[in-house]
$ cat run_39.cif   # mmCIF, C-alpha atoms and all ligand atoms
data_target
loop_
_atom_site.label_atom_id
_atom_site.label_comp_id
_atom_site.auth_asym_id
_atom_site.auth_seq_id
_atom_site.Cartn_x
_atom_site.Cartn_y
_atom_site.Cartn_z
CA MET N 1 -156.75 57.92 167.80
CA SER N 2 -153.75 58.95 169.88
CA ALA N 3 -153.97 59.51 173.63
CA ALA N 4 -156.07 62.59 174.37
CA PRO N 5 -154.21 65.70 175.43
CA PRO N 6 -155.84 67.52 178.35
CA VAL N 7 -159.13 69.29 177.66
CA SER N 8 -158.38 72.96 177.04
CA THR N 9 -159.94 75.86 178.94
CA ALA N 10 -161.99 78.86 177.90
CA SER N 11 -158.93 81.14 177.93
CA THR N 12 -157.32 79.23 175.03
CA PRO N 13 -157.29 80.43 171.40
CA LEU N 14 -160.48 80.08 169.37
CA VAL N 15 -158.88 77.34 167.27
CA ARG N 16 -156.03 75.14 168.37
CA ALA N 17 -154.82 72.20 166.33
CA VAL N 18 -152.11 69.93 167.63
CA GLY N 19 -150.43 67.15 165.69
CA VAL N 20 -153.31 66.66 163.26
CA ARG N 21 -152.89 63.62 161.01
CA LYS N 22 -155.19 62.37 158.31
CA SER N 23 -154.83 59.62 155.73
CA PHE N 24 -156.98 58.62 152.79
CA GLY N 25 -156.42 54.98 151.95
CA GLY N 26 -152.72 54.46 152.47
CA THR N 27 -151.77 58.06 151.78
CA GLU N 28 -151.13 60.44 154.64
CA VAL N 29 -152.26 63.93 153.55
CA LEU N 30 -151.90 65.68 156.92
CA LYS N 31 -148.67 64.81 158.69
CA GLY N 32 -148.93 66.47 162.07
CA VAL N 33 -150.37 69.95 161.54
CA ASP N 34 -150.22 72.47 164.40
CA LEU N 35 -152.13 75.72 164.11
CA THR N 36 -153.46 78.37 166.47
CA VAL N 37 -156.01 81.08 165.76
CA ASP N 38 -156.83 83.70 168.38
CA PRO N 39 -160.29 85.27 168.57
CA GLY N 40 -160.68 87.95 165.89
CA GLN N 41 -157.67 86.75 163.91
CA VAL N 42 -157.58 86.00 160.20
CA VAL N 43 -155.30 83.15 159.20
CA CYS N 44 -154.64 82.52 155.52
CA LEU N 45 -153.59 79.03 154.48
CA LEU N 46 -151.40 79.04 151.39
CA GLY N 47 -149.58 76.33 149.52
CA PRO N 48 -149.42 74.28 146.37
CA SER N 49 -152.23 72.05 145.16
CA GLY N 50 -152.48 68.85 147.16
CA ALA N 51 -150.78 70.31 150.24
CA GLY N 52 -153.75 69.34 152.41
CA LYS N 53 -155.22 72.82 153.00
CA SER N 54 -158.83 71.88 152.21
CA THR N 55 -158.52 68.65 154.15
CA PHE N 56 -157.30 70.55 157.20
CA LEU N 57 -160.22 72.98 156.95
CA ARG N 58 -162.65 70.07 156.67
CA CYS N 59 -161.11 68.52 159.79
CA VAL N 60 -161.71 71.75 161.75
CA ASN N 61 -165.39 71.46 160.85
CA HIS N 62 -165.40 67.69 161.46
CA LEU N 63 -166.38 67.02 157.85
CA GLU N 64 -163.38 64.70 158.03
CA THR N 65 -162.42 62.70 161.09
CA ILE N 66 -158.79 63.02 162.06
CA ASP N 67 -156.63 59.96 162.66
CA ALA N 68 -154.42 61.49 165.34
CA GLY N 69 -153.88 64.75 167.18
CA ARG N 70 -156.65 67.05 168.38
CA ILE N 71 -158.46 70.19 167.31
CA TRP N 72 -160.25 72.47 169.73
CA VAL N 73 -162.71 75.16 168.70
CA ALA N 74 -163.68 77.59 171.46
CA GLY N 75 -162.17 75.20 173.98
CA GLN N 76 -164.26 72.25 172.78
CA PRO N 77 -162.45 69.27 171.30
CA VAL N 78 -163.87 68.82 167.79
CA GLY N 79 -165.87 65.60 167.57
CA PHE N 80 -165.72 65.03 171.33
CA THR N 81 -167.34 66.14 174.52
CA SER N 82 -165.73 66.14 177.92
CA ARG N 83 -167.55 64.49 180.79
CA GLY N 84 -166.05 63.62 184.13
CA GLY N 85 -162.57 64.63 182.93
CA LYS N 86 -162.76 62.19 179.98
CA LEU N 87 -163.38 62.72 176.29
CA HIS N 88 -166.29 60.92 174.67
CA GLU N 89 -166.84 60.74 170.93
CA LEU N 90 -169.87 62.75 169.81
CA ARG N 91 -172.83 61.16 168.06
CA GLU N 92 -173.85 62.48 164.67
CA ARG N 93 -176.56 64.80 165.97
CA GLU N 94 -174.17 66.27 168.55
CA VAL N 95 -171.54 66.78 165.84
CA ALA N 96 -174.12 68.78 163.86
CA ARG N 97 -174.75 70.94 166.92
CA GLN N 98 -171.03 71.53 167.41
CA ARG N 99 -170.66 72.38 163.74
CA ARG N 100 -173.32 75.10 163.95
CA GLY N 101 -170.86 77.51 165.51
CA ILE N 102 -168.65 77.26 162.43
CA GLY N 103 -169.61 78.81 159.11
CA MET N 104 -168.09 77.32 156.00
CA VAL N 105 -167.94 78.85 152.55
CA PHE N 106 -166.78 76.61 149.73
CA GLN N 107 -165.43 77.25 146.26
CA ARG N 108 -168.84 76.24 144.88
CA PHE N 109 -171.69 78.13 146.47
CA ASN N 110 -174.15 75.21 146.66
CA LEU N 111 -177.20 77.42 147.15
CA PHE N 112 -180.62 75.78 147.06
CA PRO N 113 -181.61 76.46 143.43
CA HIS N 114 -185.34 76.51 144.12
CA ARG N 115 -185.08 79.09 146.91
CA THR N 116 -184.57 82.83 146.60
CA ALA N 117 -181.49 84.55 148.03
CA LEU N 118 -183.49 85.40 151.14
CA GLY N 119 -184.94 81.88 151.27
CA ASN N 120 -181.43 80.46 151.25
CA VAL N 121 -180.36 82.74 154.09
CA VAL N 122 -183.37 82.08 156.37
CA GLU N 123 -183.44 78.30 155.83
CA GLY N 124 -180.86 77.46 158.55
CA PRO N 125 -182.12 79.83 161.25
CA VAL N 126 -185.73 78.65 160.80
CA ARG N 127 -185.15 74.91 160.38
CA VAL N 128 -182.08 74.37 162.51
CA LEU N 129 -182.11 77.17 165.08
CA ARG N 130 -185.94 77.16 165.20
CA LYS N 131 -186.09 80.94 164.94
CA PRO N 132 -189.49 82.53 164.29
CA ARG N 133 -189.68 83.10 160.52
CA ARG N 134 -190.39 86.82 160.85
CA GLU N 135 -187.26 87.32 162.95
CA ALA N 136 -185.17 85.19 160.58
CA VAL N 137 -186.44 87.17 157.58
CA GLU N 138 -185.60 90.47 159.25
CA GLU N 139 -182.10 89.27 160.07
CA GLY N 140 -181.74 87.70 156.62
CA ARG N 141 -182.56 91.01 154.92
CA ALA N 142 -180.01 92.77 157.12
CA LEU N 143 -177.37 90.17 156.20
CA LEU N 144 -178.11 90.49 152.50
CA ALA N 145 -177.71 94.26 152.89
CA ARG N 146 -174.41 93.65 154.66
CA VAL N 147 -173.08 91.73 151.66
CA GLY N 148 -174.42 94.40 149.27
CA LEU N 149 -177.43 92.42 148.02
CA ALA N 150 -180.39 94.20 149.62
CA ASP N 151 -182.05 94.48 146.21
CA LYS N 152 -181.58 90.78 145.34
CA ALA N 153 -183.52 89.20 148.21
CA ASP N 154 -186.15 87.80 145.85
CA ALA N 155 -183.77 86.65 143.12
CA TYR N 156 -183.14 82.95 142.51
CA PRO N 157 -179.54 81.68 142.29
CA HIS N 158 -179.70 81.29 138.50
CA GLN N 159 -180.57 85.00 138.26
CA LEU N 160 -177.41 85.96 140.16
CA SER N 161 -173.78 86.20 139.07
CA GLY N 162 -171.22 83.88 140.64
CA GLY N 163 -169.97 86.70 142.85
CA GLN N 164 -173.49 87.49 144.01
CA GLN N 165 -174.18 83.81 144.70
CA GLN N 166 -171.02 83.57 146.75
CA ARG N 167 -172.08 86.65 148.74
CA VAL N 168 -175.44 84.98 149.42
CA ALA N 169 -173.50 81.91 150.58
CA ILE N 170 -171.54 84.11 153.00
CA ALA N 171 -174.78 85.71 154.28
CA ARG N 172 -176.24 82.22 154.69
CA ALA N 173 -173.28 81.12 156.78
CA LEU N 174 -173.44 84.31 158.88
CA ALA N 175 -177.14 83.74 159.54
CA MET N 176 -176.17 80.85 161.81
CA ARG N 177 -174.22 83.35 163.95
CA PRO N 178 -170.93 81.48 163.74
CA ARG N 179 -168.03 82.29 166.00
CA LEU N 180 -165.63 81.08 163.32
CA MET N 181 -165.75 81.27 159.51
CA LEU N 182 -163.87 78.85 157.27
CA PHE N 183 -163.36 79.81 153.63
CA ASP N 184 -162.11 77.23 151.14
CA GLU N 185 -160.90 79.07 148.04
CA PRO N 186 -164.06 81.19 147.97
CA THR N 187 -163.08 83.10 144.84
CA SER N 188 -161.35 80.50 142.72
CA ALA N 189 -164.50 79.51 140.80
CA LEU N 190 -165.30 83.13 139.93
CA ASP N 191 -164.58 85.16 136.84
CA PRO N 192 -161.71 87.54 137.64
CA GLU N 193 -163.92 90.64 137.56
CA LEU N 194 -166.16 89.16 140.29
CA VAL N 195 -163.40 88.23 142.71
CA GLY N 196 -163.07 91.72 144.21
CA GLU N 197 -166.69 91.99 145.33
CA VAL N 198 -166.40 88.77 147.36
CA LEU N 199 -163.03 89.73 148.82
CA ASP N 200 -164.46 93.13 149.83
CA VAL N 201 -167.15 91.36 151.88
CA MET N 202 -164.49 89.21 153.52
CA VAL N 203 -162.34 92.25 154.29
CA ASP N 204 -165.36 93.88 155.98
CA LEU N 205 -165.99 90.73 157.99
CA ALA N 206 -162.38 90.67 159.13
CA ARG N 207 -162.58 94.35 160.13
CA ASP N 208 -165.72 93.54 162.15
CA GLY N 209 -163.61 91.09 164.14
CA MET N 210 -164.78 87.76 162.68
CA THR N 211 -162.31 84.95 163.28
CA MET N 212 -161.49 83.40 159.92
CA ILE N 213 -159.36 80.66 158.39
CA VAL N 214 -159.09 81.25 154.68
CA VAL N 215 -157.61 78.87 152.12
CA THR N 216 -156.75 81.17 149.26
CA HIS N 217 -154.41 81.94 146.41
CA GLU N 218 -155.28 85.64 146.70
CA ILE N 219 -151.94 86.92 147.94
CA GLY N 220 -153.17 90.54 147.94
CA PHE N 221 -156.02 89.59 150.28
CA ALA N 222 -153.62 87.73 152.57
CA ARG N 223 -151.28 90.70 152.64
CA GLN N 224 -154.12 93.13 153.40
CA VAL N 225 -156.09 91.17 155.96
CA ALA N 226 -154.21 88.21 157.44
CA ASP N 227 -152.80 88.35 160.93
CA SER N 228 -150.92 85.21 160.09
CA VAL N 229 -150.04 83.38 156.89
CA VAL N 230 -149.53 79.64 157.16
CA PHE N 231 -147.69 77.99 154.30
CA MET N 232 -148.33 74.28 153.83
CA VAL N 233 -146.56 71.76 151.62
CA ASP N 234 -147.15 68.04 151.44
CA GLY N 235 -149.33 67.79 154.55
CA ALA N 236 -147.18 69.90 156.83
CA VAL N 237 -146.75 73.54 157.84
CA VAL N 238 -143.38 74.68 156.54
CA GLU N 239 -143.57 78.32 157.54
CA SER N 240 -145.97 80.66 159.32
CA GLY N 241 -145.97 84.21 160.59
CA PRO N 242 -147.14 87.72 159.76
CA PRO N 243 -147.75 88.36 156.05
CA ALA N 244 -144.84 90.77 155.82
CA GLN N 245 -142.49 88.01 156.89
CA VAL N 246 -143.90 84.96 155.08
CA LEU N 247 -144.85 86.77 151.85
CA ASP N 248 -142.08 89.35 151.56
CA ASP N 249 -139.20 87.69 153.35
CA PRO N 250 -139.84 83.92 153.35
CA ARG N 251 -137.21 81.84 155.11
CA GLN N 252 -137.97 78.49 153.56
CA GLN N 253 -136.91 77.65 150.04
CA ARG N 254 -140.24 75.95 149.29
CA THR N 255 -142.14 79.09 150.27
CA GLN N 256 -139.83 81.18 148.08
CA GLN N 257 -140.36 78.84 145.12
CA PHE N 258 -144.14 78.88 145.52
CA LEU N 259 -144.34 82.67 145.84
CA ALA N 260 -142.07 83.14 142.84
CA LYS N 261 -144.70 81.28 140.80
CA VAL N 262 -147.81 83.04 142.11
CA LEU N 263 -146.64 86.62 142.68
N1 LIG I 301 -161.87 62.28 150.26
C1 LIG I 301 -160.67 62.02 149.78
N2 LIG I 301 -160.29 60.78 149.39
C2 LIG I 301 -159.07 60.51 148.93
N3 LIG I 301 -158.09 61.43 148.78
C3 LIG I 301 -158.39 62.69 149.12
C4 LIG I 301 -159.68 63.06 149.64
N4 LIG I 301 -159.67 64.39 149.91
C5 LIG I 301 -158.45 64.83 149.57
N5 LIG I 301 -157.68 63.83 149.12
C6 LIG I 301 -156.28 63.93 148.68
O1 LIG I 301 -155.58 64.59 149.71
C7 LIG I 301 -154.57 65.43 149.17
C8 LIG I 301 -154.75 66.82 149.71
O2 LIG I 301 -155.92 67.38 149.13
P1 LIG I 301 -156.46 68.81 149.56
O3 LIG I 301 -157.66 69.09 148.72
O4 LIG I 301 -156.63 68.87 151.02
O5 LIG I 301 -155.24 69.75 149.11
P2 LIG I 301 -155.23 71.30 148.88
O6 LIG I 301 -153.96 71.79 149.45
O7 LIG I 301 -156.48 71.92 149.40
O8 LIG I 301 -155.18 71.40 147.30
P3 LIG I 301 -155.93 72.39 146.26
O9 LIG I 301 -155.29 73.73 146.43
O10 LIG I 301 -155.69 71.75 144.93
O11 LIG I 301 -157.39 72.37 146.65
C9 LIG I 301 -154.71 65.33 147.66
O12 LIG I 301 -153.75 64.43 147.18
C10 LIG I 301 -156.10 64.80 147.46
O13 LIG I 301 -156.21 64.07 146.28
#

$ encode --input "run_39.cif" --output "structure tokens" --more "lines below"
Ligand SMILES: Nc1ncnc2c1ncn2[C@@H]1O[C@H](COP(=O)(O)OP(=O)(O)OP(=O)(O)O)[C@@H](O)[C@H]1O
Amino acid sequence: MSAAPPVSTASTPLVRAVGVRKSFGGTEVLKGVDLTVDPGQVVCLLGPSGAGKSTFLRCVNHLETIDAGRIWVAGQPVGFTSRGGKLHELREREVARQRRGIGMVFQRFNLFPHRTALGNVVEGPVRVLRKPRREAVEEGRALLARVGLADKADAYPHQLSGGQQQRVAIARALAMRPRLMLFDEPTSALDPELVGEVLDVMVDLARDGMTMIVVTHEIGFARQVADSVVFMVDGAVVESGPPAQVLDDPRQQRTQQFLAKVL
């Protein structure tokens, strides 16, 4: 791990990544990524397969440990705590606590198959946050209504479409009251006709002011919702800025080439 930069303060962005590096085996897949997300902002991460987008997202949530650089979420260095002006590596249980403030939605919904939609949503608040079940159920029903699934509370995952399962997964993440939501290609496992219903929920979340980092190939979503589009290639950010600039008037040849293929 490189020398620790100073601990950031509460007035800093919600997410700040500086010089993030990560290797698997001998291969460096993140080569010094810098990224800033202000509270309430939506940042879309775009780029070709293998660029390191998912790996970066997993580093923000400390599902991967970075080799160098630093990431702060809400002023807290990810994987560390600051005591007496020094950074100390967190133990596993403390990492889990830090991770609670971050909701993550994956390509695959990974719902508990033996629990209903509502059961999936209340599991975290009851078991992890120790909320009274009645309160968790009330909130869980409200969250299912928010994602348009009020009538599916008692359905099991196998009785739901992929789009509905993904909306349950979003409700489940929201039930933990995250201050940040990470989405890793949340629609890419869905049939095309189901993509819109998941994106609509994400658009609503963005309008409600949720801070989000979204790895996506949905250029229309990025154009509609993103405050910033970050284009990654080969473990590095090659271009970032407002969607109108990066998507409609890209400056880098690699961005132009990528967009020519996907648009
Ligand atoms: N746990 C791991 N072990 C070894 N290599 C890994 C691991 N996770 C990712 N990689 C490699 O890191 C590189 C970046 O992968 P990553 O999934 O972050 O890219 P991506 O930009 O999200 O791509 P895609 O759009 O295809 O999901 C790839 O070459 C991948 O094979």

$ residues_near_ligand --input "run_39.cif" --ligand "ligand LIG 301 (chain I)" --cutoff "10 Å" --atoms "all atoms listed in the file" --output "PyMOL selection string"
chain N and resi 22-30+45-59+64+107+184-185+188+215-217+232-235

$ atom_distance --input "run_39.cif" --atom1 "CA of Arg254 (chain N)" --atom2 "CA of Ser240 (chain N)"
12.5 Å

$ residues_around --input "run_39.cif" --residues "region 18-20 of chain N" --least-positions-apart "6" --cutoff "8 Å" --atoms "all atoms listed in the file" --output "ChimeraX atom specification"
/N:30-35,66-71

$ residues_around --input "run_39.cif" --residues "region 94-98 of chain N" --least-positions-apart "3" --cutoff "9 Å" --atoms "only C-alpha atoms" --output "list of chain:residue names"
N:Asn61, N:His62, N:Gln76, N:Val78, N:Gly79, N:Phe80, N:Leu90, N:Arg91, N:Gly101, N:Ile102

$ closest_residue --input "run_39.cif" --among "N:Ala17, N:Leu111, N:Val42, N:Leu160" --to "Phe221 (chain N)" --atoms "only C-alpha atoms"
N:Val42

$ residues_around --input "run_39.cif" --residues "Ala171 (chain N)" --least-positions-apart "5" --cutoff "12 Å" --atoms "all atoms listed in the file" --output "PDB file with C-alpha atoms, in the frame of the given file"
ATOM      1  CA  GLY N 103    -169.610  78.810 159.110  1.00  0.00           C
ATOM      2  CA  MET N 104    -168.090  77.320 156.000  1.00  0.00           C
ATOM      3  CA  VAL N 105    -167.940  78.850 152.550  1.00  0.00           C
ATOM      4  CA  PHE N 109    -171.690  78.130 146.470  1.00  0.00           C
ATOM      5  CA  LEU N 111    -177.200  77.420 147.150  1.00  0.00           C
ATOM      6  CA  ALA N 117    -181.490  84.550 148.030  1.00  0.00           C
ATOM      7  CA  LEU N 118    -183.490  85.400 151.140  1.00  0.00           C
ATOM      8  CA  GLY N 119    -184.940  81.880 151.270  1.00  0.00           C
ATOM      9  CA  ASN N 120    -181.430  80.460 151.250  1.00  0.00           C
ATOM     10  CA  VAL N 121    -180.360  82.740 154.090  1.00  0.00           C
ATOM     11  CA  VAL N 122    -183.370  82.080 156.370  1.00  0.00           C
ATOM     12  CA  GLU N 123    -183.440  78.300 155.830  1.00  0.00           C
ATOM     13  CA  GLY N 124    -180.860  77.460 158.550  1.00  0.00           C
ATOM     14  CA  PRO N 125    -182.120  79.830 161.250  1.00  0.00           C
ATOM     15  CA  GLU N 139    -182.100  89.270 160.070  1.00  0.00           C
ATOM     16  CA  GLY N 140    -181.740  87.700 156.620  1.00  0.00           C
ATOM     17  CA  ARG N 141    -182.560  91.010 154.920  1.00  0.00           C
ATOM     18  CA  ALA N 142    -180.010  92.770 157.120  1.00  0.00           C
ATOM     19  CA  LEU N 143    -177.370  90.170 156.200  1.00  0.00           C
ATOM     20  CA  LEU N 144    -178.110  90.490 152.500  1.00  0.00           C
ATOM     21  CA  ALA N 145    -177.710  94.260 152.890  1.00  0.00           C
ATOM     22  CA  ARG N 146    -174.410  93.650 154.660  1.00  0.00           C
ATOM     23  CA  VAL N 147    -173.080  91.730 151.660  1.00  0.00           C
ATOM     24  CA  GLY N 148    -174.420  94.400 149.270  1.00  0.00           C
ATOM     25  CA  LEU N 149    -177.430  92.420 148.020  1.00  0.00           C
ATOM     26  CA  ALA N 150    -180.390  94.200 149.620  1.00  0.00           C
ATOM     27  CA  ALA N 153    -183.520  89.200 148.210  1.00  0.00           C
ATOM     28  CA  GLN N 164    -173.490  87.490 144.010  1.00  0.00           C
ATOM     29  CA  GLN N 165    -174.180  83.810 144.700  1.00  0.00           C
ATOM     30  CA  GLN N 166    -171.020  83.570 146.750  1.00  0.00           C
ATOM     31  CA  MET N 176    -176.170  80.850 161.810  1.00  0.00           C
ATOM     32  CA  ARG N 177    -174.220  83.350 163.950  1.00  0.00           C
ATOM     33  CA  PRO N 178    -170.930  81.480 163.740  1.00  0.00           C
ATOM     34  CA  MET N 181    -165.750  81.270 159.510  1.00  0.00           C
ATOM     35  CA  VAL N 198    -166.400  88.770 147.360  1.00  0.00           C
ATOM     36  CA  VAL N 201    -167.150  91.360 151.880  1.00  0.00           C
ATOM     37  CA  MET N 202    -164.490  89.210 153.520  1.00  0.00           C
ATOM     38  CA  LEU N 205    -165.990  90.730 157.990  1.00  0.00           C
TER      39      LEU N 205
END

$ atom_distance --input "run_39.cif" --atom1 "CA of Glu239 (chain N)" --atom2 "CA of Arg179 (chain N)"
26.2 Å

$ closest_residue --input "run_39.cif" --among "N:Ala244, N:Phe106, N:Glu135, N:Asp249" --to "Thr187 (chain N)" --atoms "all atoms listed in the file"
N:Phe106

$ atom_distance --input "run_39.cif" --atom1 "CA of Ala206 (chain N)" --atom2 "CA of Gly40 (chain N)"
7.5 Å

$ closest_residue --input "run_39.cif" --among "N:Gly220, N:Gly163, N:Gly241, N:Gly84" --to "Val37 (chain N)" --atoms "all atoms listed in the file"
N:Gly241

$ closest_residue --input "run_39.cif" --among "N:Arg99, N:Arg16, N:His114, N:Arg93" --to "Ala74 (chain N)" --atoms "all atoms listed in the file"
N:Arg16

$ closest_residue --input "run_39.cif" --among "N:Ala226, N:Met212, N:Arg108, N:Phe258" --to "Leu14 (chain N)" --atoms "all atoms listed in the file"
N:Met212

$ closest_residue --input "run_39.cif" --among "N:Phe183, N:Trp72, N:Phe231, N:Phe112" --to "Gln257 (chain N)" --atoms "only C-alpha atoms"
N:Phe231

$ residues_near_point --input "run_39.cif" --point "(-185.7, 85.6, 144.2)" --cutoff "8 Å" --atoms "all atoms listed in the file" --output "PyMOL selection string"
chain N and resi 115-118+152-157+159
